[in-house]
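Enquirer: File run_1.cif follows (mmCIF, C-alpha atoms):
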```
data_query
loop_
_atom_site.group_PDB
_atom_site.id
_atom_site.type_symbol
_atom_site.label_atom_id
_atom_site.label_comp_id
_atom_site.auth_asym_id
_atom_site.auth_seq_id
_atom_site.Cartn_x
_atom_site.Cartn_y
_atom_site.Cartn_z
ATOM 1 C CA MET A 1 111.946 99.189 94.241
ATOM 2 C CA ILE A 2 113.126 101.654 91.595
ATOM 3 C CA VAL A 3 110.197 103.981 92.352
ATOM 4 C CA SER A 4 111.018 104.033 96.075
ATOM 5 C CA ILE A 5 114.720 104.642 95.434
ATOM 6 C CA PHE A 6 113.899 107.538 93.082
ATOM 7 C CA CYS A 7 111.526 109.175 95.577
ATOM 8 C CA VAL A 8 114.002 108.836 98.449
ATOM 9 C CA ALA A 9 116.821 110.229 96.276
ATOM 10 C CA VAL A 10 114.760 113.313 95.372
ATOM 11 C CA ALA A 11 113.770 113.795 99.019
ATOM 12 C CA LEU A 12 117.359 113.559 100.277
ATOM 13 C CA ALA A 13 118.635 115.890 97.554
ATOM 14 C CA LEU A 14 116.124 118.597 98.442
ATOM 15 C CA SER A 15 116.645 118.130 102.177
ATOM 16 C CA ILE A 16 120.443 118.414 101.952
ATOM 17 C CA THR A 17 120.178 121.376 99.586
ATOM 18 C CA SER A 18 117.804 123.058 101.988
ATOM 19 C CA ALA A 19 120.126 122.448 104.950
ATOM 20 C CA PHE A 20 123.099 124.105 103.225
ATOM 21 C CA THR A 21 121.012 126.898 101.709
ATOM 22 C CA PHE A 22 119.755 128.078 105.067
ATOM 23 C CA TRP A 23 123.033 127.635 106.925
ATOM 24 C CA PRO A 24 123.888 129.193 109.305
ATOM 25 C CA VAL A 25 120.571 129.024 111.173
ATOM 26 C CA THR A 26 119.114 132.494 111.745
ATOM 27 C CA ALA A 27 115.670 131.594 113.069
ATOM 28 C CA TRP A 28 114.096 128.722 114.964
ATOM 29 C CA TYR A 29 112.052 127.576 111.960
ATOM 30 C CA ASP A 30 115.229 127.048 109.915
ATOM 31 C CA PHE A 31 115.711 123.817 111.878
ATOM 32 C CA TYR A 32 112.554 122.429 110.287
ATOM 33 C CA ARG A 33 113.226 123.392 106.680
ATOM 34 C CA PRO A 34 115.279 120.251 105.853
ATOM 35 C CA LEU A 35 112.535 118.034 107.330
ATOM 36 C CA VAL A 36 109.807 119.830 105.410
ATOM 37 C CA MET A 37 111.842 119.584 102.212
ATOM 38 C CA LEU A 38 112.489 115.886 102.867
ATOM 39 C CA ILE A 39 108.768 115.176 103.044
ATOM 40 C CA ALA A 40 107.937 117.479 100.141
ATOM 41 C CA GLY A 41 110.767 115.965 98.088
ATOM 42 C CA TYR A 42 109.457 112.431 98.585
ATOM 43 C CA PHE A 43 105.961 113.300 97.430
ATOM 44 C CA GLY A 44 107.381 115.439 94.652
ATOM 45 C CA GLY A 45 109.437 112.478 93.466
ATOM 46 C CA LEU A 46 106.333 110.317 93.623
ATOM 47 C CA ALA A 47 104.447 112.841 91.484
ATOM 48 C CA ILE A 48 107.272 112.838 88.911
ATOM 49 C CA ALA A 49 107.248 109.024 88.847
ATOM 50 C CA TRP A 50 103.433 109.045 88.405
ATOM 51 C CA ILE A 51 103.694 111.426 85.439
ATOM 52 C CA PHE A 52 106.505 109.349 83.905
ATOM 53 C CA PHE A 53 104.497 106.128 84.229
ATOM 54 C CA ASP A 54 101.397 107.771 82.781
ATOM 55 C CA LEU A 55 103.165 109.325 79.799
ATOM 56 C CA SER A 56 105.155 106.162 79.100
ATOM 57 C CA GLY A 57 101.952 104.138 78.978
ATOM 58 C CA ARG A 58 100.078 106.607 76.797
ATOM 59 C CA LEU A 59 102.974 107.052 74.343
ATOM 60 C CA THR A 60 103.974 103.408 73.969
ATOM 61 C CA VAL A 61 100.753 101.424 74.360
ATOM 62 C CA SER A 62 97.497 101.511 72.391
ATOM 63 C CA TYR A 63 94.367 99.663 73.499
ATOM 64 C CA LYS A 64 93.430 99.415 69.816
ATOM 65 C CA LYS A 65 96.446 97.231 69.053
ATOM 66 C CA LYS A 66 96.710 93.532 69.906
ATOM 67 C CA TYR A 67 100.084 92.506 71.264
ATOM 68 C CA MET A 68 101.138 88.860 71.048
ATOM 69 C CA LYS A 69 104.656 89.356 72.393
ATOM 70 C CA PRO A 70 105.218 90.995 75.807
ATOM 71 C CA SER A 71 107.476 94.032 76.086
ATOM 72 C CA ASN A 72 110.470 93.940 78.431
ATOM 73 C CA PHE A 73 110.059 97.676 79.055
ATOM 74 C CA ALA A 74 106.379 97.293 79.928
ATOM 75 C CA ARG A 75 107.177 94.332 82.188
ATOM 76 C CA VAL A 76 109.791 96.347 84.103
ATOM 77 C CA MET A 77 107.396 99.274 84.488
ATOM 78 C CA LEU A 78 104.526 97.074 85.648
ATOM 79 C CA THR A 79 106.682 94.988 88.006
ATOM 80 C CA ASN A 80 108.167 98.067 89.680
ATOM 81 C CA GLY A 81 104.784 99.709 90.053
ATOM 82 C CA ILE A 82 103.376 96.551 91.615
ATOM 83 C CA ALA A 83 106.384 96.216 93.931
ATOM 84 C CA TYR A 84 105.900 99.795 95.154
ATOM 85 C CA ILE A 85 102.254 99.109 96.068
ATOM 86 C CA ASN A 86 102.994 95.755 97.697
ATOM 87 C CA ASN A 87 105.873 97.120 99.760
ATOM 88 C CA HIS A 88 103.870 100.085 101.020
ATOM 89 C CA ALA A 89 100.907 97.866 101.893
ATOM 90 C CA ASN A 90 103.153 96.466 104.655
ATOM 91 C CA ILE A 91 102.901 92.828 103.583
ATOM 92 C CA LYS A 92 105.373 90.201 104.734
ATOM 93 C CA VAL A 93 105.311 87.235 102.361
ATOM 94 C CA LYS A 94 106.554 83.806 103.342
ATOM 95 C CA LYS A 95 107.474 82.047 100.100
ATOM 96 C CA ILE A 96 107.497 78.254 100.005
ATOM 97 C CA GLY A 97 108.470 75.998 97.131
ATOM 98 C CA LEU A 98 108.898 78.666 94.444
ATOM 99 C CA GLU A 99 112.088 76.933 93.354
ATOM 100 C CA LYS A 100 109.795 74.328 91.768
ATOM 101 C CA VAL A 101 108.551 76.842 89.190
ATOM 102 C CA PRO A 102 109.992 75.803 85.796
ATOM 103 C CA ASN A 103 111.854 78.126 83.461
ATOM 104 C CA ASP A 104 109.658 77.054 80.533
ATOM 105 C CA CYS A 105 106.294 78.750 79.981
ATOM 106 C CA PHE A 106 103.561 77.421 82.263
ATOM 107 C CA LEU A 107 99.939 77.816 83.304
ATOM 108 C CA LEU A 108 99.717 79.186 86.842
ATOM 109 C CA VAL A 109 96.594 78.312 88.827
ATOM 110 C CA GLY A 110 95.791 79.988 92.140
ATOM 111 C CA ASN A 111 93.069 80.636 94.700
ATOM 112 C CA HIS A 112 91.600 84.119 94.885
ATOM 113 C CA LYS A 113 90.852 86.046 98.086
ATOM 114 C CA SER A 114 92.204 89.540 97.440
ATOM 115 C CA LYS A 115 93.173 92.042 94.755
ATOM 116 C CA PHE A 116 96.713 91.587 96.037
ATOM 117 C CA ASP A 117 96.867 87.909 94.968
ATOM 118 C CA PRO A 118 98.022 88.481 91.366
ATOM 119 C CA MET A 119 100.205 91.449 92.369
ATOM 120 C CA LEU A 120 102.104 89.449 94.982
ATOM 121 C CA VAL A 121 102.539 86.516 92.596
ATOM 122 C CA ALA A 122 103.703 88.840 89.795
ATOM 123 C CA GLN A 123 106.311 90.369 92.095
ATOM 124 C CA ALA A 124 107.502 87.010 93.446
ATOM 125 C CA LEU A 125 107.842 85.585 89.936
ATOM 126 C CA GLY A 126 109.217 88.796 88.447
ATOM 127 C CA LYS A 127 111.877 87.006 86.407
ATOM 128 C CA HIS A 128 109.161 85.235 84.408
ATOM 129 C CA HIS A 129 106.953 86.794 81.769
ATOM 130 C CA LEU A 130 103.553 86.228 83.377
ATOM 131 C CA ALA A 131 100.251 87.499 81.951
ATOM 132 C CA PHE A 132 97.004 87.015 83.882
ATOM 133 C CA VAL A 133 93.505 86.325 82.673
ATOM 134 C CA THR A 134 91.586 89.111 84.402
ATOM 135 C CA LYS A 135 88.259 90.923 84.419
ATOM 136 C CA GLN A 136 87.791 93.707 81.881
ATOM 137 C CA SER A 137 87.563 96.560 84.377
ATOM 138 C CA ASN A 138 91.131 95.899 85.542
ATOM 139 C CA MET A 139 92.457 97.036 82.168
ATOM 140 C CA LYS A 140 91.346 100.590 83.006
ATOM 141 C CA ILE A 141 93.341 100.821 86.247
ATOM 142 C CA PRO A 142 95.290 104.121 86.173
ATOM 143 C CA LEU A 143 98.949 103.708 85.143
ATOM 144 C CA ALA A 144 98.884 99.900 85.314
ATOM 145 C CA GLY A 145 96.119 99.163 82.788
ATOM 146 C CA ARG A 146 98.088 100.014 79.658
ATOM 147 C CA PHE A 147 101.158 98.097 80.804
ATOM 148 C CA MET A 148 98.965 95.102 81.648
ATOM 149 C CA TRP A 149 97.556 95.255 78.112
ATOM 150 C CA ARG A 150 101.058 95.530 76.623
ATOM 151 C CA ASN A 151 102.221 92.520 78.650
ATOM 152 C CA GLY A 152 99.498 90.307 77.236
ATOM 153 C CA TYR A 153 97.004 90.366 80.109
ATOM 154 C CA MET A 154 93.708 88.985 78.865
ATOM 155 C CA PRO A 155 90.462 90.734 79.885
ATOM 156 C CA VAL A 156 87.564 88.284 80.073
ATOM 157 C CA ASP A 157 83.838 88.970 80.027
ATOM 158 C CA ARG A 158 82.430 85.835 81.648
ATOM 159 C CA SER A 159 78.930 86.681 80.399
ATOM 160 C CA ASP A 160 80.233 86.351 76.833
ATOM 161 C CA LYS A 161 81.370 82.776 76.213
ATOM 162 C CA MET A 162 82.743 83.498 72.748
ATOM 163 C CA GLN A 163 84.906 86.349 74.061
ATOM 164 C CA SER A 164 86.172 84.112 76.870
ATOM 165 C CA LEU A 165 87.056 81.387 74.374
ATOM 166 C CA GLU A 166 88.997 83.902 72.289
ATOM 167 C CA GLN A 167 91.030 84.963 75.297
ATOM 168 C CA PHE A 168 91.752 81.363 76.297
ATOM 169 C CA LYS A 169 92.889 80.796 72.704
ATOM 170 C CA LYS A 170 95.231 83.768 73.048
ATOM 171 C CA ALA A 171 96.521 82.352 76.353
ATOM 172 C CA ALA A 172 97.336 79.069 74.626
ATOM 173 C CA GLU A 173 99.138 80.955 71.852
ATOM 174 C CA LEU A 174 101.226 82.913 74.374
ATOM 175 C CA ILE A 175 102.329 79.726 76.131
ATOM 176 C CA GLY A 176 102.712 77.682 72.971
ATOM 177 C CA SER A 177 104.918 80.286 71.292
ATOM 178 C CA GLY A 178 107.077 80.638 74.401
ATOM 179 C CA ALA A 179 106.174 84.338 74.665
ATOM 180 C CA SER A 180 104.695 84.276 78.159
ATOM 181 C CA SER A 181 103.369 82.149 80.980
ATOM 182 C CA VAL A 182 99.715 82.665 81.906
ATOM 183 C CA GLY A 183 98.058 83.003 85.304
ATOM 184 C CA VAL A 184 94.400 82.117 85.946
ATOM 185 C CA TYR A 185 92.019 82.053 88.911
ATOM 186 C CA PRO A 186 89.565 79.255 88.081
ATOM 187 C CA GLU A 187 87.152 80.374 90.822
ATOM 188 C CA GLY A 188 86.345 83.285 88.527
ATOM 189 C CA SER A 189 86.108 85.922 91.249
ATOM 190 C CA ARG A 190 87.333 86.652 94.767
ATOM 191 C CA GLN A 191 85.860 84.387 97.424
ATOM 192 C CA ASN A 192 84.593 85.267 100.887
ATOM 193 C CA GLU A 193 86.909 84.607 103.797
ATOM 194 C CA SER A 194 84.593 81.826 105.042
ATOM 195 C CA VAL A 195 84.995 79.870 101.776
ATOM 196 C CA VAL A 196 88.064 77.626 101.743
ATOM 197 C CA LEU A 197 88.022 77.274 97.955
ATOM 198 C CA GLY A 198 85.225 78.041 95.531
ATOM 199 C CA ASP A 199 84.075 75.914 92.615
ATOM 200 C CA PHE A 200 86.323 75.962 89.553
ATOM 201 C CA HIS A 201 85.431 76.783 85.969
ATOM 202 C CA ASN A 202 87.123 74.151 83.818
ATOM 203 C CA GLY A 203 87.601 76.259 80.676
ATOM 204 C CA ALA A 204 91.068 77.502 81.635
ATOM 205 C CA PHE A 205 92.389 73.949 81.892
ATOM 206 C CA ASN A 206 91.929 73.517 78.151
ATOM 207 C CA ILE A 207 94.890 75.903 77.858
ATOM 208 C CA ALA A 208 97.152 73.343 79.517
ATOM 209 C CA ILE A 209 95.746 70.393 77.580
ATOM 210 C CA ARG A 210 96.158 72.254 74.297
ATOM 211 C CA THR A 211 99.763 73.317 74.972
ATOM 212 C CA LYS A 212 100.883 70.354 77.151
ATOM 213 C CA CYS A 213 102.576 72.895 79.409
ATOM 214 C CA PRO A 214 103.469 72.559 83.113
ATOM 215 C CA ILE A 215 100.729 73.582 85.549
ATOM 216 C CA VAL A 216 102.061 75.532 88.537
ATOM 217 C CA ILE A 217 99.668 75.283 91.486
ATOM 218 C CA ILE A 218 99.989 78.258 93.854
ATOM 219 C CA THR A 219 98.070 78.793 97.096
ATOM 220 C CA MET A 220 97.828 82.071 98.990
ATOM 221 C CA LYS A 221 96.917 82.341 102.662
ATOM 222 C CA GLY A 222 96.257 85.547 104.565
ATOM 223 C CA THR A 223 95.703 87.996 101.704
ATOM 224 C CA SER A 224 92.075 88.583 102.727
ATOM 225 C CA ASN A 225 93.437 90.298 105.867
ATOM 226 C CA ILE A 226 95.516 92.930 104.050
ATOM 227 C CA HIS A 227 92.779 95.545 103.705
ATOM 228 C CA LYS A 228 91.529 94.954 107.252
ATOM 229 C CA ARG A 229 94.943 95.218 108.918
ATOM 230 C CA PHE A 230 96.508 98.093 106.962
ATOM 231 C CA PRO A 231 98.649 99.989 107.973
ATOM 232 C CA ARG A 232 99.610 97.181 110.342
ATOM 233 C CA ARG A 233 101.749 94.394 108.891
ATOM 234 C CA THR A 234 99.993 91.426 107.334
ATOM 235 C CA LYS A 235 101.663 88.034 107.129
ATOM 236 C CA VAL A 236 100.927 86.137 103.939
ATOM 237 C CA GLU A 237 101.969 82.659 102.840
ATOM 238 C CA MET A 238 102.604 81.935 99.171
ATOM 239 C CA LYS A 239 103.225 78.292 98.366
ATOM 240 C CA CYS A 240 103.934 76.424 95.167
ATOM 241 C CA VAL A 241 102.112 73.261 96.180
ATOM 242 C CA GLN A 242 102.900 71.201 93.115
ATOM 243 C CA VAL A 243 103.876 71.390 89.462
ATOM 244 C CA LEU A 244 102.008 69.058 87.133
ATOM 245 C CA TYR A 245 103.780 68.099 83.921
ATOM 246 C CA TRP A 246 102.181 66.688 80.792
ATOM 247 C CA GLU A 247 102.870 63.101 81.816
ATOM 248 C CA ASP A 248 100.958 63.767 85.053
ATOM 249 C CA TYR A 249 97.702 64.756 83.349
ATOM 250 C CA SER A 250 97.904 63.533 79.739
ATOM 251 C CA THR A 251 95.070 61.034 80.275
ATOM 252 C CA MET A 252 92.673 63.622 81.768
ATOM 253 C CA ASN A 253 90.091 65.798 80.048
ATOM 254 C CA ALA A 254 89.483 69.401 81.144
ATOM 255 C CA THR A 255 86.864 68.487 83.744
ATOM 256 C CA GLU A 256 88.983 65.754 85.301
ATOM 257 C CA LEU A 257 92.043 67.993 85.371
ATOM 258 C CA CYS A 258 89.985 70.809 86.888
ATOM 259 C CA ASN A 259 88.735 68.526 89.677
ATOM 260 C CA HIS A 260 92.216 67.106 90.271
ATOM 261 C CA VAL A 261 93.782 70.559 90.713
ATOM 262 C CA HIS A 262 90.859 71.649 92.910
ATOM 263 C CA ASP A 263 91.423 68.652 95.188
ATOM 264 C CA ILE A 264 95.148 69.423 95.504
ATOM 265 C CA MET A 265 94.497 73.049 96.387
ATOM 266 C CA TYR A 266 91.615 72.302 98.745
ATOM 267 C CA GLU A 267 93.712 69.834 100.706
ATOM 268 C CA GLU A 268 96.507 72.374 101.087
ATOM 269 C CA LEU A 269 94.233 75.254 102.051
ATOM 270 C CA SER A 270 92.350 73.128 104.591
ATOM 271 C CA GLU A 271 95.458 72.470 106.664
#
```
As a first step, turn the structure in this file into structure tokens.
Expert:
Amino acid sequence: MIVSIFCVAVALALSITSAFTFWPVTAWYDFYRPLVMLIAGYFGGLAIAWIFFDLSGRLTVSYKKKYMKPSNFARVMLTNGIAYINNHANIKVKKIGLEKVPNDCFLLVGNHKSKFDPMLVAQALGKHHLAFVTKQSNMKIPLAGRFMWRNGYMPVDRSDKMQSLEQFKKAAELIGSGASSVGVYPEGSRQNESVVLGDFHNGAFNIAIRTKCPIVIITMKGTSNIHKRFPRRTKVEMKCVQVLYWEDYSTMNATELCNHVHDIMYEELSE
């Protein structure tokens, strides 16, 4: 939102300045100067915002340093960058049941169909510190990668079990210390549109068992259509299906909990 407001402000300032500078009109093309400056101002503002985001990330975040406490500044930067992308992707999100999400740190579990899944969830739950377990290549995304790192996002190499275990340990520490909630996609990767819900990896559920935290179950419908429909509007449904508290799963091991959450999500997504 802040990025859009800044770009529009720059565009309007240049357009108005142009209109007064070339007044009175002496040639036919003077009518078009304000419009040209409006467009140029918007993209100029966007370029300034890009440079600011890039420099802020490079000057304040180091990939060599491990951060165990998220930064409010980095969260604001990342959230606003994500909001800009989501808004310009022309996505209309119908949010259901998000009032169930607790204020305490939680483990968020969702289905995965699109790159927009975590971005839409991060924007919708912007008031929460939320760090996702993600694939390593995502940490190199221009502008966003450094802020993701600074906010505690955990890159996982699924071919390296020891590295994955270390990141799940970090996730448990983030939740246990009250520093951040953690989001995971137990399917491991994005699923084809024809697949209702892929098989789950149960490792992430050890995070909940270890910390006894609430498990927020989120389903997303329609995100697989975003790339196909753009620039047309895409309708997406985001639903908090259920929140499991410790008393709801205290008798389960990781495999049983994994299967239980899978059943809840599958039933919702099959409707």
Enquirer: Once the PyMOL selection byres ((chain A and resi 168) around 10) is applied to the coordinates I shared, what remains selected? I want it as a PyMOL selection string.
Expert: chain A and resi 133+154+156+162-167+169-174+182+203-207
Enquirer: Could you please take those selected residues and save C-alpha atoms as a short mmCIF file (atom, residue, chain, number, x, y, z; two decimals), in the coordinates of the input?
Expert:
```cif
data_model
loop_
_atom_site.label_atom_id
_atom_site.label_comp_id
_atom_site.auth_asym_id
_atom_site.auth_seq_id
_atom_site.Cartn_x
_atom_site.Cartn_y
_atom_site.Cartn_z
CA VAL A 133 93.50 86.32 82.67
CA MET A 154 93.71 88.98 78.86
CA VAL A 156 87.56 88.28 80.07
CA MET A 162 82.74 83.50 72.75
CA GLN A 163 84.91 86.35 74.06
CA SER A 164 86.17 84.11 76.87
CA LEU A 165 87.06 81.39 74.37
CA GLU A 166 89.00 83.90 72.29
CA GLN A 167 91.03 84.96 75.30
CA LYS A 169 92.89 80.80 72.70
CA LYS A 170 95.23 83.77 73.05
CA ALA A 171 96.52 82.35 76.35
CA ALA A 172 97.34 79.07 74.63
CA GLU A 173 99.14 80.96 71.85
CA LEU A 174 101.23 82.91 74.37
CA VAL A 182 99.72 82.66 81.91
CA GLY A 203 87.60 76.26 80.68
CA ALA A 204 91.07 77.50 81.64
CA PHE A 205 92.39 73.95 81.89
CA ASN A 206 91.93 73.52 78.15
CA ILE A 207 94.89 75.90 77.86
#
```
Enquirer: How many Å separate atom CA of Phe147 of chain A from atom CA of Asn87 of chain A?
Expert: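 Separating atom CA of Phe147 of chain A from atom CA of Asn87 of chain A is a distance of 19.6 Å.
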Enquirer: Enumerate, as a VMD selection string, the residues matched when the PyMOL selection byres ((chain A and resi 192) around 12) is run on the file above.
Expert: chain A and resid 111 to 114 187 189 to 191 193 to 198 223 to 225
Enquirer: Determine the nearest neighbour of Ser270 of chain A from the options A:Met220, A:Ala254, A:Met148, A:Cys240, counting all atoms listed in the file.
Expert: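 The shortest atom-to-atom distance to Ser270 of chain A comes from A:Met220.
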Enquirer: Using all atoms listed in the file, which of the listed residues (A:Val243, A:Leu120, A:Ala131, A:Cys258) sits closest to Tyr67 of chain A?
Expert: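 Among the listed residues, the smallest separation from Tyr67 of chain A belongs to A:Ala131.
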Enquirer: Using only C-alpha atoms and a cutoff of 7 Å, can you tell me which residues are near (105.3, 87.7, 101.5) in the file's coordinates, and write them out as a PDB file with C-alpha atoms, keeping the file's coordinate frame?
Expert:
```pdb
ATOM      1  CA  ILE A  91     102.901  92.828 103.583  1.00  0.00           C
ATOM      2  CA  LYS A  92     105.373  90.201 104.734  1.00  0.00           C
ATOM      3  CA  VAL A  93     105.311  87.235 102.361  1.00  0.00           C
ATOM      4  CA  LYS A  94     106.554  83.806 103.342  1.00  0.00           C
ATOM      5  CA  LYS A  95     107.474  82.047 100.100  1.00  0.00           C
ATOM      6  CA  LYS A 235     101.663  88.034 107.129  1.00  0.00           C
ATOM      7  CA  VAL A 236     100.927  86.137 103.939  1.00  0.00           C
ATOM      8  CA  GLU A 237     101.969  82.659 102.840  1.00  0.00           C
ATOM      9  CA  MET A 238     102.604  81.935  99.171  1.00  0.00           C
TER      10      MET A 238
END
```
Enquirer: Would you mind telling me which residue in A:Ile218, A:Ala208, A:Leu107, A:Val76 lies nearest to Ser180 of chain A when using all atoms listed in the file?
Expert: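 With all atoms listed in the file as the atom set, the closest residue is A:Leu107.
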Enquirer: Please, what distance in Å, to one decimal, runs between atom CA of Lys135 of chain A and atom CA of Asp263 of chain A?
Expert: 24.9 Å
Enquirer: Working from the structure I just supplied, which lacks atoms in segment 142-166 of chain A, can you model N, CA and C atoms there and output them as an mmCIF file, keeping the file's coordinate frame?
Expert:
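Result saved to part-v2.cif:
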```cif
data_model
loop_
_atom_site.group_PDB
_atom_site.id
_atom_site.type_symbol
_atom_site.label_atom_id
_atom_site.label_comp_id
_atom_site.auth_asym_id
_atom_site.auth_seq_id
_atom_site.Cartn_x
_atom_site.Cartn_y
_atom_site.Cartn_z
ATOM 1 N N PRO A 142 94.333 103.057 86.510
ATOM 2 C CA PRO A 142 95.290 104.121 86.173
ATOM 3 C C PRO A 142 96.731 103.632 86.216
ATOM 4 N N LEU A 143 97.528 104.045 85.272
ATOM 5 C CA LEU A 143 98.949 103.708 85.143
ATOM 6 C C LEU A 143 99.175 102.254 84.757
ATOM 7 N N ALA A 144 98.591 101.324 85.515
ATOM 8 C CA ALA A 144 98.884 99.900 85.314
ATOM 9 C C ALA A 144 98.163 99.308 84.114
ATOM 10 N N GLY A 145 96.956 99.790 83.813
ATOM 11 C CA GLY A 145 96.119 99.163 82.788
ATOM 12 C C GLY A 145 96.799 99.008 81.441
ATOM 13 N N ARG A 146 97.438 100.077 80.966
ATOM 14 C CA ARG A 146 98.088 100.014 79.658
ATOM 15 C C ARG A 146 99.266 99.042 79.651
ATOM 16 N N PHE A 147 100.023 99.013 80.740
ATOM 17 C CA PHE A 147 101.158 98.097 80.804
ATOM 18 C C PHE A 147 100.686 96.650 80.935
ATOM 19 N N MET A 148 99.549 96.439 81.594
ATOM 20 C CA MET A 148 98.965 95.102 81.648
ATOM 21 C C MET A 148 98.585 94.641 80.240
ATOM 22 N N TRP A 149 97.955 95.554 79.494
ATOM 23 C CA TRP A 149 97.556 95.255 78.112
ATOM 24 C C TRP A 149 98.780 94.920 77.259
ATOM 25 N N ARG A 150 99.844 95.727 77.421
ATOM 26 C CA ARG A 150 101.058 95.530 76.623
ATOM 27 C C ARG A 150 101.777 94.237 76.989
ATOM 28 N N ASN A 151 101.580 93.752 78.207
ATOM 29 C CA ASN A 151 102.221 92.520 78.650
ATOM 30 C C ASN A 151 101.380 91.279 78.370
ATOM 31 N N GLY A 152 100.283 91.462 77.653
ATOM 32 C CA GLY A 152 99.498 90.307 77.236
ATOM 33 C C GLY A 152 98.399 89.891 78.182
ATOM 34 N N TYR A 153 98.110 90.697 79.204
ATOM 35 C CA TYR A 153 97.004 90.366 80.109
ATOM 36 C C TYR A 153 95.719 90.255 79.300
ATOM 37 N N MET A 154 94.880 89.303 79.668
ATOM 38 C CA MET A 154 93.708 88.985 78.865
ATOM 39 C C MET A 154 92.415 89.298 79.614
ATOM 40 N N PRO A 155 91.731 90.387 79.241
ATOM 41 C CA PRO A 155 90.462 90.734 79.885
ATOM 42 C C PRO A 155 89.350 89.796 79.423
ATOM 43 N N VAL A 156 88.615 89.255 80.387
ATOM 44 C CA VAL A 156 87.564 88.284 80.073
ATOM 45 C C VAL A 156 86.213 88.790 80.557
ATOM 46 N N ASP A 157 85.227 88.695 79.680
ATOM 47 C CA ASP A 157 83.838 88.970 80.027
ATOM 48 C C ASP A 157 83.151 87.613 80.175
ATOM 49 N N ARG A 158 82.959 87.186 81.413
ATOM 50 C CA ARG A 158 82.430 85.835 81.648
ATOM 51 C C ARG A 158 80.990 85.676 81.191
ATOM 52 N N SER A 159 80.295 86.781 80.916
ATOM 53 C CA SER A 159 78.930 86.681 80.399
ATOM 54 C C SER A 159 78.927 86.423 78.894
ATOM 55 N N ASP A 160 80.095 86.557 78.278
ATOM 56 C CA ASP A 160 80.233 86.351 76.833
ATOM 57 C C ASP A 160 81.155 85.152 76.600
ATOM 58 N N LYS A 161 80.577 83.994 76.341
ATOM 59 C CA LYS A 161 81.370 82.776 76.213
ATOM 60 C C LYS A 161 82.319 82.822 75.016
ATOM 61 N N MET A 162 81.888 83.424 73.929
ATOM 62 C CA MET A 162 82.743 83.498 72.748
ATOM 63 C C MET A 162 83.975 84.358 73.016
ATOM 64 N N GLN A 163 83.771 85.476 73.733
ATOM 65 C CA GLN A 163 84.906 86.349 74.061
ATOM 66 C C GLN A 163 85.870 85.634 74.998
ATOM 67 N N SER A 164 85.327 84.871 75.949
ATOM 68 C CA SER A 164 86.172 84.112 76.870
ATOM 69 C C SER A 164 86.993 83.066 76.125
ATOM 70 N N LEU A 165 86.356 82.398 75.161
ATOM 71 C CA LEU A 165 87.056 81.387 74.374
ATOM 72 C C LEU A 165 88.189 82.007 73.560
ATOM 73 N N GLU A 166 87.965 83.206 73.053
ATOM 74 C CA GLU A 166 88.997 83.902 72.289
ATOM 75 C C GLU A 166 90.194 84.231 73.162
#
```
